[in-house]
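Trainee: What follows is query.tsv, made up of TSV, C-alpha atoms and all ligand atoms:
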```tsv
chain	number	residue	atom	x	y	z
A	1	MET	CA	-115.86	-34.29	62.18
A	2	HIS	CA	-115.08	-36.79	64.96
A	3	SER	CA	-111.97	-38.94	64.67
A	4	LEU	CA	-112.35	-42.42	63.18
A	5	ALA	CA	-111.19	-43.94	66.49
A	6	ARG	CA	-114.00	-42.09	68.25
A	7	GLN	CA	-116.66	-43.11	65.73
A	8	ARG	CA	-115.51	-46.74	65.95
A	9	PHE	CA	-115.51	-46.69	69.73
A	10	GLU	CA	-118.99	-45.16	69.87
A	11	ILE	CA	-120.41	-47.85	67.56
A	12	PHE	CA	-118.78	-50.59	69.61
A	13	TRP	CA	-119.74	-49.10	72.95
A	14	SER	CA	-123.39	-48.73	71.94
A	15	GLN	CA	-123.41	-52.50	71.37
A	16	VAL	CA	-121.71	-53.56	74.61
A	17	ALA	CA	-122.56	-50.70	77.00
A	18	PRO	CA	-125.87	-51.99	78.44
A	19	SER	CA	-124.04	-54.62	80.51
A	20	TYR	CA	-121.56	-52.09	81.94
A	21	SER	CA	-123.41	-49.62	84.10
A	22	GLY	CA	-121.63	-48.41	87.22
A	23	GLN	CA	-118.34	-50.19	86.71
A	24	LYS	CA	-114.85	-48.84	87.10
A	25	VAL	CA	-113.22	-47.95	83.76
A	26	ALA	CA	-109.70	-46.81	82.83
A	27	ILE	CA	-108.63	-45.34	79.48
A	28	ILE	CA	-104.97	-45.65	78.52
A	29	GLY	CA	-102.87	-44.71	75.48
A	30	SER	CA	-105.25	-42.08	74.15
A	31	ASP	CA	-104.34	-38.48	73.41
A	32	ARG	CA	-107.99	-37.61	72.78
A	33	PRO	CA	-110.24	-37.61	75.85
A	34	GLN	CA	-113.20	-36.52	73.74
A	35	ASN	CA	-113.10	-39.93	72.00
A	36	PHE	CA	-114.69	-41.30	75.18
A	37	ASN	CA	-117.29	-38.65	75.76
A	38	CYS	CA	-120.04	-41.24	75.24
A	39	LEU	CA	-119.10	-42.97	78.51
A	40	GLN	CA	-121.62	-42.38	81.27
A	41	ASN	CA	-120.60	-42.06	84.94
A	42	LYS	CA	-117.36	-40.24	84.16
A	43	ASP	CA	-116.66	-40.04	87.89
A	44	LEU	CA	-115.95	-43.79	87.63
A	45	CYS	CA	-113.76	-43.39	84.52
A	46	HIS	CA	-110.06	-42.75	84.96
A	47	PHE	CA	-108.27	-41.11	82.04
A	48	ILE	CA	-104.57	-41.99	82.26
A	49	SER	CA	-102.04	-39.95	80.28
A	50	ASN	CA	-98.55	-38.47	80.43
A	51	VAL	CA	-99.52	-35.32	78.65
A	52	LYS	CA	-100.51	-32.26	80.66
A	53	ASP	CA	-102.96	-30.80	78.12
A	54	ASN	CA	-104.74	-34.14	77.57
A	55	LEU	CA	-105.24	-34.51	81.29
A	56	ARG	CA	-106.58	-30.97	81.55
A	57	GLU	CA	-109.07	-31.65	78.78
A	58	ALA	CA	-110.10	-35.00	80.30
A	59	LYS	CA	-110.73	-33.30	83.62
A	60	SER	CA	-112.88	-30.65	81.99
A	61	LEU	CA	-115.00	-33.44	80.45
A	62	GLY	CA	-115.53	-34.93	83.92
A	63	PHE	CA	-113.03	-37.81	83.93
A	64	VAL	CA	-110.87	-38.62	86.95
A	65	ILE	CA	-107.27	-38.07	85.79
A	66	SER	CA	-103.91	-39.60	86.62
A	67	THR	CA	-100.50	-40.32	85.11
A	68	ILE	CA	-100.59	-43.92	86.38
A	69	LEU	CA	-103.02	-46.79	86.89
A	70	GLN	CA	-103.44	-47.11	90.62
A	71	HIS	CA	-106.61	-49.16	91.09
A	72	TYR	CA	-108.07	-52.36	89.74
A	73	TYR	CA	-110.65	-51.84	87.02
A	74	ASP	CA	-113.62	-53.71	85.52
A	75	ILE	CA	-112.78	-52.41	82.05
A	76	ILE	CA	-109.56	-51.02	80.64
A	77	ILE	CA	-109.75	-49.37	77.22
A	78	LEU	CA	-106.48	-49.17	75.34
A	79	GLU	CA	-106.38	-46.81	72.38
A	80	LEU	CA	-103.30	-47.78	70.42
A	81	THR	CA	-100.51	-45.22	70.08
A	82	LYS	CA	-98.23	-44.98	67.07
A	83	SER	CA	-95.40	-46.61	69.09
A	84	LYS	CA	-95.56	-50.40	69.03
A	85	GLU	CA	-93.35	-50.75	72.11
A	86	THR	CA	-95.54	-48.33	74.05
A	87	ASN	CA	-98.58	-50.41	73.08
A	88	LEU	CA	-96.92	-53.61	74.30
A	89	GLY	CA	-96.04	-51.95	77.61
A	90	LEU	CA	-99.63	-50.73	77.95
A	91	ILE	CA	-101.06	-54.21	77.28
A	92	ALA	CA	-98.87	-55.62	80.06
A	93	LEU	CA	-100.10	-52.87	82.35
A	94	ALA	CA	-103.76	-53.42	81.42
A	95	GLU	CA	-103.39	-57.10	82.13
A	96	GLU	CA	-101.95	-56.31	85.56
A	97	TYR	CA	-104.67	-53.83	86.56
A	98	ILE	CA	-107.76	-55.62	85.27
A	99	LYS	CA	-109.99	-57.23	87.90
A	100	ASP	CA	-110.88	-60.90	87.78
A	101	LYS	CA	-113.73	-61.23	85.27
A	102	GLY	CA	-112.80	-57.78	83.93
A	103	GLN	CA	-112.35	-56.97	80.24
A	104	VAL	CA	-109.81	-55.16	78.10
A	105	ILE	CA	-110.88	-53.29	74.96
A	106	ILE	CA	-108.30	-52.45	72.29
A	107	ASN	CA	-109.08	-49.85	69.64
A	108	GLY	CA	-106.77	-48.78	66.80
A	109	ASP	CA	-106.57	-47.36	63.30
A	110	ASN	CA	-105.30	-49.39	60.33
A	111	GLN	CA	-102.72	-46.68	59.76
A	112	ILE	CA	-100.89	-47.60	62.96
A	113	GLY	CA	-101.00	-51.34	62.36
A	114	VAL	CA	-103.99	-52.43	64.46
A	115	LYS	CA	-104.50	-55.55	62.35
A	116	SER	CA	-101.09	-57.07	63.06
A	117	PHE	CA	-101.15	-55.87	66.67
A	118	LEU	CA	-104.46	-57.63	67.36
A	119	LYS	CA	-103.28	-60.70	65.49
A	120	ASN	CA	-100.24	-60.87	67.76
A	121	ILE	CA	-102.36	-60.44	70.92
A	122	SER	CA	-105.12	-62.80	69.78
A	123	SER	CA	-102.70	-65.65	69.13
A	124	HIS	CA	-102.20	-65.79	72.95
A	125	TRP	CA	-105.47	-64.28	74.05
A	126	PRO	CA	-108.46	-64.87	71.72
A	127	ALA	CA	-110.81	-61.91	71.43
A	128	GLU	CA	-114.45	-62.30	72.49
A	129	LYS	CA	-115.62	-59.95	69.77
A	130	THR	CA	-113.89	-57.88	67.08
A	131	ILE	CA	-115.37	-55.20	64.89
A	132	THR	CA	-113.71	-53.92	61.73
A	133	LYS	CA	-115.00	-50.42	60.99
A	134	LYS	CA	-114.00	-46.86	60.18
A	135	LYS	CA	-110.56	-47.79	58.86
A	136	GLY	CA	-109.59	-49.72	61.95
A	137	ARG	CA	-110.48	-52.43	64.46
A	138	ILE	CA	-111.74	-52.74	67.98
A	139	ALA	CA	-111.71	-55.93	70.05
A	140	ILE	CA	-112.67	-57.03	73.55
A	141	TYR	CA	-110.85	-59.60	75.70
A	142	LYS	CA	-111.84	-61.30	78.93
A	143	LYS	CA	-109.29	-61.35	81.79
A	144	LYS	CA	-106.95	-64.32	81.61
A	145	LYS	CA	-103.96	-65.28	83.67
A	146	GLN	CA	-100.99	-63.01	82.99
A	147	ILE	CA	-99.38	-63.76	79.65
A	148	PHE	CA	-97.80	-60.48	78.69
A	149	SER	CA	-95.79	-59.59	81.81
A	150	HIS	CA	-92.52	-59.84	79.81
A	151	TRP	CA	-93.64	-56.63	78.02
A	152	LYS	CA	-93.60	-54.68	81.28
A	153	LYS	CA	-90.00	-53.82	80.40
A	154	TYR	CA	-91.39	-51.20	78.01
A	155	GLN	CA	-92.64	-49.26	81.02
A	156	ASP	CA	-89.09	-48.85	82.37
A	157	PHE	CA	-86.55	-46.17	81.55
A	158	HIS	CA	-83.48	-47.53	79.76
A	159	LYS	CA	-80.26	-45.90	78.61
A	160	ASN	CA	-80.41	-45.34	74.84
A	161	ARG	CA	-77.49	-45.74	72.45
A	162	ASP	CA	-76.27	-42.23	73.31
A	163	GLY	CA	-76.28	-42.96	77.05
A	164	TYR	CA	-79.47	-41.09	78.07
A	165	TYR	CA	-82.41	-42.50	80.02
A	166	THR	CA	-85.53	-42.59	77.83
A	167	ARG	CA	-88.69	-44.59	77.29
A	168	CYS	CA	-90.58	-45.44	74.10
A	169	ASP	CA	-93.40	-42.94	74.81
A	170	MET	CA	-91.40	-39.77	74.20
A	171	PHE	CA	-89.72	-37.85	71.38
A	172	SER	CA	-86.67	-39.54	69.75
A	173	PRO	CA	-86.14	-42.15	72.49
A	174	LYS	CA	-83.55	-44.26	70.67
A	175	GLU	CA	-81.02	-41.55	69.91
A	176	ILE	CA	-80.35	-37.82	70.01
A	177	ASP	CA	-82.37	-35.97	67.39
A	178	LYS	CA	-80.13	-34.76	64.55
A	179	GLY	CA	-81.72	-31.31	64.54
A	180	SER	CA	-81.10	-30.92	68.28
A	181	LYS	CA	-77.43	-31.76	67.70
A	182	LYS	CA	-77.17	-28.94	65.15
A	183	LEU	CA	-78.69	-26.54	67.64
A	184	THR	CA	-76.23	-27.38	70.43
A	185	SER	CA	-73.27	-26.66	68.12
A	186	ALA	CA	-74.79	-23.23	67.41
A	187	PHE	CA	-75.19	-22.12	71.03
A	188	ASN	CA	-71.85	-23.45	72.26
A	189	ALA	CA	-70.31	-20.81	74.62
A	190	LYS	CA	-73.01	-18.22	73.70
A	191	LEU	CA	-75.52	-18.68	76.53
A	192	PHE	CA	-75.46	-16.90	79.88
A	193	GLY	CA	-77.74	-15.94	82.80
A	194	GLU	CA	-81.22	-17.47	82.96
A	195	VAL	CA	-82.20	-19.89	80.20
A	196	ALA	CA	-85.47	-21.68	79.39
A	197	ASP	CA	-85.68	-24.92	77.43
A	198	LEU	CA	-89.16	-25.04	75.87
A	199	GLY	CA	-90.36	-28.58	75.22
A	200	ALA	CA	-87.27	-30.00	76.90
A	201	GLY	CA	-88.04	-33.68	76.23
A	202	TRP	CA	-85.67	-36.02	78.03
A	203	GLY	CA	-83.19	-33.20	78.51
A	204	TYR	CA	-80.61	-33.41	75.74
A	205	LEU	CA	-80.51	-29.68	74.85
A	206	SER	CA	-80.39	-28.62	78.49
A	207	LYS	CA	-77.68	-31.06	79.46
A	208	GLU	CA	-75.50	-29.86	76.58
A	209	ALA	CA	-76.32	-26.20	77.27
A	210	LEU	CA	-75.14	-26.58	80.87
A	211	LYS	CA	-72.02	-28.44	79.81
A	212	LEU	CA	-71.05	-25.96	77.06
A	213	ASN	CA	-71.97	-22.68	78.79
A	214	ASP	CA	-70.56	-22.12	82.26
A	215	LYS	CA	-72.07	-18.61	82.38
A	216	ILE	CA	-75.58	-20.05	82.67
A	217	THR	CA	-76.82	-19.37	86.22
A	218	LYS	CA	-80.17	-21.16	85.97
A	219	LEU	CA	-81.80	-23.32	83.33
A	220	THR	CA	-85.52	-24.16	83.53
A	221	LEU	CA	-86.80	-27.13	81.57
A	222	PHE	CA	-90.48	-26.93	80.57
A	223	GLU	CA	-91.96	-30.19	79.30
A	224	SER	CA	-95.56	-31.39	79.02
A	225	ASN	CA	-94.89	-35.14	78.74
A	226	TYR	CA	-94.59	-36.53	82.27
A	227	SER	CA	-92.35	-39.46	81.41
A	228	ALA	CA	-89.98	-37.22	79.41
A	229	TYR	CA	-89.92	-34.86	82.40
A	230	LEU	CA	-89.02	-37.79	84.69
A	231	ALA	CA	-86.34	-38.95	82.26
A	232	SER	CA	-84.78	-35.46	82.10
A	233	LYS	CA	-84.45	-35.49	85.89
A	234	LYS	CA	-82.55	-38.75	85.65
A	235	ASN	CA	-80.33	-37.41	82.86
A	236	ILE	CA	-79.30	-34.07	84.36
A	237	ASP	CA	-77.40	-33.71	87.59
A	238	ASP	CA	-76.65	-30.00	87.80
A	239	GLU	CA	-77.78	-27.60	90.51
A	240	ARG	CA	-78.55	-24.93	87.91
A	241	ALA	CA	-81.29	-27.09	86.36
A	242	LYS	CA	-84.94	-26.62	87.44
A	243	PHE	CA	-87.53	-29.04	86.14
A	244	ARG	CA	-91.16	-28.16	85.43
A	245	TRP	CA	-93.84	-30.53	84.21
A	246	ALA	CA	-95.75	-27.85	82.32
A	247	SER	CA	-97.27	-27.23	78.92
A	248	LEU	CA	-97.24	-23.89	77.09
A	249	ASP	CA	-100.74	-23.36	78.38
A	250	ASP	CA	-99.50	-23.56	81.97
A	251	ILE	CA	-96.88	-20.87	81.40
A	252	LYS	CA	-98.88	-18.39	79.34
A	253	ASN	CA	-99.03	-16.00	82.31
A	254	LEU	CA	-95.52	-16.64	83.57
A	255	LYS	CA	-93.90	-13.38	84.68
A	256	ALA	CA	-90.28	-14.58	84.61
A	257	ARG	CA	-88.13	-13.47	81.66
A	258	PHE	CA	-85.05	-15.28	80.37
A	259	ASN	CA	-81.81	-14.22	78.71
A	260	HIS	CA	-82.15	-17.13	76.31
A	261	VAL	CA	-84.74	-19.64	75.17
A	262	ILE	CA	-83.50	-22.84	73.54
A	263	CYS	CA	-85.99	-24.96	71.64
A	264	ASN	CA	-86.52	-27.69	69.08
A	265	PRO	CA	-90.25	-27.04	68.59
A	266	PRO	CA	-92.70	-29.91	68.00
A	267	PHE	CA	-94.88	-29.92	64.93
A	268	HIS	CA	-96.96	-33.03	65.60
A	269	SER	CA	-99.67	-33.52	68.15
A	270	GLY	CA	-100.42	-37.22	68.10
A	271	ARG	CA	-100.05	-38.19	64.44
A	272	PRO	CA	-101.15	-35.25	62.30
A	273	LYS	CA	-98.92	-32.29	61.50
A	274	ASP	CA	-99.79	-29.39	63.74
A	275	MET	CA	-98.34	-26.09	62.52
A	276	ASP	CA	-100.34	-24.14	65.10
A	277	LEU	CA	-98.45	-25.99	67.84
A	278	LEU	CA	-95.14	-25.04	66.23
A	279	ARG	CA	-96.26	-21.41	65.88
A	280	SER	CA	-97.35	-21.27	69.49
A	281	PHE	CA	-93.84	-22.36	70.54
A	282	ILE	CA	-92.41	-19.45	68.53
A	283	PHE	CA	-94.97	-17.05	69.96
A	284	HIS	CA	-94.35	-18.12	73.57
A	285	SER	CA	-90.60	-17.92	73.12
A	286	THR	CA	-90.96	-14.24	72.06
A	287	ARG	CA	-92.80	-13.54	75.32
A	288	LEU	CA	-90.32	-15.37	77.53
A	289	ILE	CA	-87.13	-13.52	76.61
A	290	THR	CA	-85.99	-10.16	77.98
A	291	ASP	CA	-85.87	-7.21	75.54
A	292	HIS	CA	-82.23	-8.02	74.76
A	293	GLY	CA	-82.65	-11.76	75.00
A	294	SER	CA	-82.48	-14.29	72.19
A	295	VAL	CA	-84.21	-17.46	71.07
A	296	TRP	CA	-82.21	-20.35	69.64
A	297	MET	CA	-84.30	-22.67	67.50
A	298	VAL	CA	-83.89	-25.46	65.00
A	299	PHE	CA	-86.46	-26.15	62.28
A	300	VAL	CA	-86.95	-28.98	59.84
A	301	SER	CA	-86.43	-27.48	56.37
A	302	GLY	CA	-89.60	-27.46	54.30
A	303	VAL	CA	-91.88	-27.84	57.31
A	304	TYR	CA	-91.54	-24.25	58.39
A	305	LEU	CA	-90.56	-21.24	56.30
A	306	GLU	CA	-87.87	-18.85	57.47
A	307	ASN	CA	-89.92	-15.98	56.09
A	308	GLU	CA	-92.66	-16.49	58.64
A	309	LEU	CA	-90.22	-15.74	61.46
A	310	LYS	CA	-90.37	-12.08	60.40
A	311	ASN	CA	-93.86	-11.97	61.94
A	312	TYR	CA	-92.32	-12.59	65.35
A	313	PHE	CA	-88.79	-11.12	65.35
A	314	ASP	CA	-87.03	-8.10	63.83
A	315	ASN	CA	-83.61	-9.70	63.78
A	316	ILE	CA	-83.20	-13.21	62.39
A	317	LYS	CA	-79.76	-14.80	62.12
A	318	ILE	CA	-79.53	-18.08	60.24
A	319	LEU	CA	-76.59	-19.89	61.82
A	320	TYR	CA	-76.75	-23.19	59.97
A	321	LYS	CA	-78.63	-24.57	57.02
A	322	ASP	CA	-78.62	-27.80	55.03
A	323	ASN	CA	-81.24	-29.82	53.15
A	324	HIS	CA	-82.76	-31.11	56.37
A	325	TYR	CA	-82.52	-28.37	59.03
A	326	PHE	CA	-81.97	-24.72	59.63
A	327	VAL	CA	-80.84	-23.27	62.94
A	328	CYS	CA	-81.39	-19.65	63.90
A	329	GLN	CA	-80.86	-17.08	66.59
A	330	LEU	CA	-83.89	-14.82	66.90
A	331	LEU	CA	-83.63	-11.36	68.46
A	332	LYS	CA	-85.80	-8.28	68.94
A	333	PRO	CA	-89.20	-9.86	69.49
A	334	LYS	CA	-92.14	-8.04	67.93
A	335	THR	CA	-94.80	-9.43	70.23
A	336	GLU	CA	-96.40	-7.15	72.79
A	337	ARG	CA	-95.03	-8.50	76.10
B	1	LIG	C1	-89.17	-31.90	69.04
B	1	LIG	S1	-89.28	-32.38	70.74
B	1	LIG	C2	-87.75	-31.74	71.38
B	1	LIG	C3	-87.32	-32.41	72.67
B	1	LIG	C4	-85.94	-31.99	73.18
B	1	LIG	N1	-85.86	-30.55	73.40
B	1	LIG	C5	-84.85	-32.43	72.23
B	1	LIG	O1	-84.27	-31.56	71.59
B	1	LIG	O2	-84.61	-33.64	72.13
B	1	LIG	C6	-90.51	-31.28	71.36
B	1	LIG	C7	-90.93	-31.53	72.78
B	1	LIG	O3	-91.99	-30.62	73.10
B	1	LIG	C8	-92.90	-31.28	73.97
B	1	LIG	N2	-94.21	-30.61	73.85
B	1	LIG	C9	-95.18	-30.81	72.92
B	1	LIG	N3	-96.22	-30.01	73.14
B	1	LIG	C10	-95.93	-29.28	74.24
B	1	LIG	C11	-96.60	-28.26	74.96
B	1	LIG	N4	-97.80	-27.84	74.57
B	1	LIG	N5	-96.00	-27.74	76.04
B	1	LIG	C12	-94.76	-28.15	76.42
B	1	LIG	N6	-94.07	-29.12	75.79
B	1	LIG	C13	-94.64	-29.67	74.70
B	1	LIG	C14	-92.90	-32.71	73.49
B	1	LIG	O4	-93.36	-33.60	74.50
B	1	LIG	C15	-91.44	-32.92	73.11
B	1	LIG	O5	-90.71	-33.44	74.19
```
Could you take the file, read its structure, and then write that structure out as structure tokens?
Ligand SMILES: C[S@@+](CC[C@H](N)C(=O)[O-])C[C@H]1O[C@@H](n2cnc3c(N)ncnc32)[C@H](O)[C@@H]1O

Mentor:
Amino acid sequence: MHSLARQRFEIFWSQVAPSYSGQKVAIIGSDRPQNFNCLQNKDLCHFISNVKDNLREAKSLGFVISTILQHYYDIIILELTKSKETNLGLIALAEEYIKDKGQVIINGDNQIGVKSFLKNISSHWPAEKTITKKKGRIAIYKKKKQIFSHWKKYQDFHKNRDGYYTRCDMFSPKEIDKGSKKLTSAFNAKLFGEVADLGAGWGYLSKEALKLNDKITKLTLFESNYSAYLASKKNIDDERAKFRWASLDDIKNLKARFNHVICNPPFHSGRPKDMDLLRSFIFHSTRLITDHGSVWMVFVSGVYLENELKNYFDNIKILYKDNHYFVCQLLKPKTER
């Protein structure tokens, strides 16, 4: 079953498409390239995203891919994200990169507040046409003089309340995640040699690992979100740190093995819960450690069951547990490596 955003876009596009042949299109905000599969002339459509796997998928569908807008476009399609600040930053960007006489299309689900978002936009910039369908709304706007440039600030990296550079389009931008804090207390003075941080985000775990463990010789941060990867480079100034913009898929054939893997695994891709994503982090961590290596992970209690870890490791040490999190050290991987 196609997503509601896709169904809504297809209905809308079938109504407006005839006047748009051969024009330059950009898609921003979306984590689902397949939502735009109905677009013809994909060689003229740029799919813009921070996320490695989304870009890979967009490319396989025939879109031109990039992490940034770098041309002027006839049409920019913004699919709203769940972060309001990110959406405001993207509107400012769309306004900047739309050609004279160009048009911006905004598509969003009710669940993420499309109604109030469009109301806010339309009070400055009336929509030419709005459709309410499939539990959401889609609207089209004709280029106007710049009115939203004050929202460009949401495209910049700022120091958060804990003193780290972040931006609204990444995990826990406002403050250090509480689960990650529990994990750093557990690995204090226990890490040595070569370490991998899987899903490193803006670099909190790695920065702490380097600070608390002087026996670490090299720490590689793997992160699939480009802006989080950029933020981590700004946050960590240590020669032992190596930064890789890479998703799990990119490292599935990696030959290197590590003494330790540290990880606060994700369990959401976009909005829905994604337990397969979480399991693939556990699986890949088993592959990445040496035979005597260990994996240090934190889980949200109730989301993932300790018992399942027995499928991946022979030795499971629970180091911390409360109503919200449990932290463990995982040894003796079972996976064929
Ligand atoms: C729960 S966050 C943890 C971030 C950071 N380690 C911390 O503790 O604050 C998980 C991270 O995994 C990243 N991620 C999600 N899917 C990924 C994938 N397939 N490959 C690599 N990283 C991924 C997310 O972008 C996010 O930064």

Trainee: Which chains and residue numbers are within 8 Å of ligand LIG 1 (chain B), counting only C-alpha atoms and all ligand atoms, if I want them as a ChimeraX atom specification?

Mentor: /A:51-53,170-172,176-177,179-181,197-206,222-225,228,246-249,263-269,277,281

Trainee: Need the neighbours of (-101.1, -48.8, 76.0): which residues are at most 8 Å away, counting all atoms listed in the file, as a count of residues only?

Mentor: 14

Trainee: If you count all atoms listed in the file, which residues fall within 8 Å of A:Thr286, apart from same-chain ones fewer than 5 positions away, as a PDB file with C-alpha atoms, in the frame of the given file?

Mentor:
```pdb
ATOM      1  CA  VAL A 295     -84.210 -17.460  71.070  1.00  0.00           C
ATOM      2  CA  TYR A 312     -92.320 -12.590  65.350  1.00  0.00           C
ATOM      3  CA  PHE A 313     -88.790 -11.120  65.350  1.00  0.00           C
ATOM      4  CA  PRO A 333     -89.200  -9.860  69.490  1.00  0.00           C
ATOM      5  CA  LYS A 334     -92.140  -8.040  67.930  1.00  0.00           C
ATOM      6  CA  THR A 335     -94.800  -9.430  70.230  1.00  0.00           C
TER       7      THR A 335
END
```

Trainee: Tell me, in Å to one decimal, how far atom CA of A:Ser301 is from atom CA of A:Ile316.

Mentor: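 Here the two named atoms are 15.8 Å from each other.
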
Trainee: Given all atoms listed in the file as the basis, pick out the residue of A:Lys119, A:Lys135, A:Arg257, A:Lys142 nearest to A:Gly102.

Mentor: A:Lys142

Trainee: Please produce stretch 288-299 of chain A, completed to N, CA and C atoms, as a PDB file, in the frame of the given file.

Mentor:
```pdb
ATOM      1  N   LEU A 288     -91.106 -14.926  76.377  1.00  0.00           N
ATOM      2  CA  LEU A 288     -90.320 -15.370  77.530  1.00  0.00           C
ATOM      3  C   LEU A 288     -88.940 -14.733  77.615  1.00  0.00           C
ATOM      4  N   ILE A 289     -88.480 -14.109  76.526  1.00  0.00           N
ATOM      5  CA  ILE A 289     -87.130 -13.520  76.610  1.00  0.00           C
ATOM      6  C   ILE A 289     -87.215 -12.047  77.045  1.00  0.00           C
ATOM      7  N   THR A 290     -86.113 -11.572  77.616  1.00  0.00           N
ATOM      8  CA  THR A 290     -85.990 -10.160  77.980  1.00  0.00           C
ATOM      9  C   THR A 290     -85.885  -9.349  76.666  1.00  0.00           C
ATOM     10  N   ASP A 291     -85.950  -8.028  76.762  1.00  0.00           N
ATOM     11  CA  ASP A 291     -85.870  -7.210  75.540  1.00  0.00           C
ATOM     12  C   ASP A 291     -84.592  -7.480  74.742  1.00  0.00           C
ATOM     13  N   HIS A 292     -83.505  -7.773  75.476  1.00  0.00           N
ATOM     14  CA  HIS A 292     -82.230  -8.020  74.760  1.00  0.00           C
ATOM     15  C   HIS A 292     -81.906  -9.509  74.656  1.00  0.00           C
ATOM     16  N   GLY A 293     -82.876 -10.306  75.003  1.00  0.00           N
ATOM     17  CA  GLY A 293     -82.650 -11.760  75.000  1.00  0.00           C
ATOM     18  C   GLY A 293     -82.696 -12.354  73.603  1.00  0.00           C
ATOM     19  N   SER A 294     -82.368 -13.635  73.504  1.00  0.00           N
ATOM     20  CA  SER A 294     -82.480 -14.290  72.190  1.00  0.00           C
ATOM     21  C   SER A 294     -83.019 -15.708  72.307  1.00  0.00           C
ATOM     22  N   VAL A 295     -83.617 -16.121  71.180  1.00  0.00           N
ATOM     23  CA  VAL A 295     -84.210 -17.460  71.070  1.00  0.00           C
ATOM     24  C   VAL A 295     -83.350 -18.254  70.095  1.00  0.00           C
ATOM     25  N   TRP A 296     -83.014 -19.475  70.502  1.00  0.00           N
ATOM     26  CA  TRP A 296     -82.210 -20.350  69.640  1.00  0.00           C
ATOM     27  C   TRP A 296     -83.089 -21.535  69.247  1.00  0.00           C
ATOM     28  N   MET A 297     -83.371 -21.619  67.939  1.00  0.00           N
ATOM     29  CA  MET A 297     -84.300 -22.670  67.500  1.00  0.00           C
ATOM     30  C   MET A 297     -83.764 -23.424  66.297  1.00  0.00           C
ATOM     31  N   VAL A 298     -84.195 -24.676  66.194  1.00  0.00           N
ATOM     32  CA  VAL A 298     -83.890 -25.460  65.000  1.00  0.00           C
ATOM     33  C   VAL A 298     -85.223 -25.845  64.347  1.00  0.00           C
ATOM     34  N   PHE A 299     -85.254 -25.783  63.027  1.00  0.00           N
ATOM     35  CA  PHE A 299     -86.460 -26.150  62.280  1.00  0.00           C
ATOM     36  C   PHE A 299     -86.124 -27.205  61.229  1.00  0.00           C
TER      37      PHE A 299
END
```
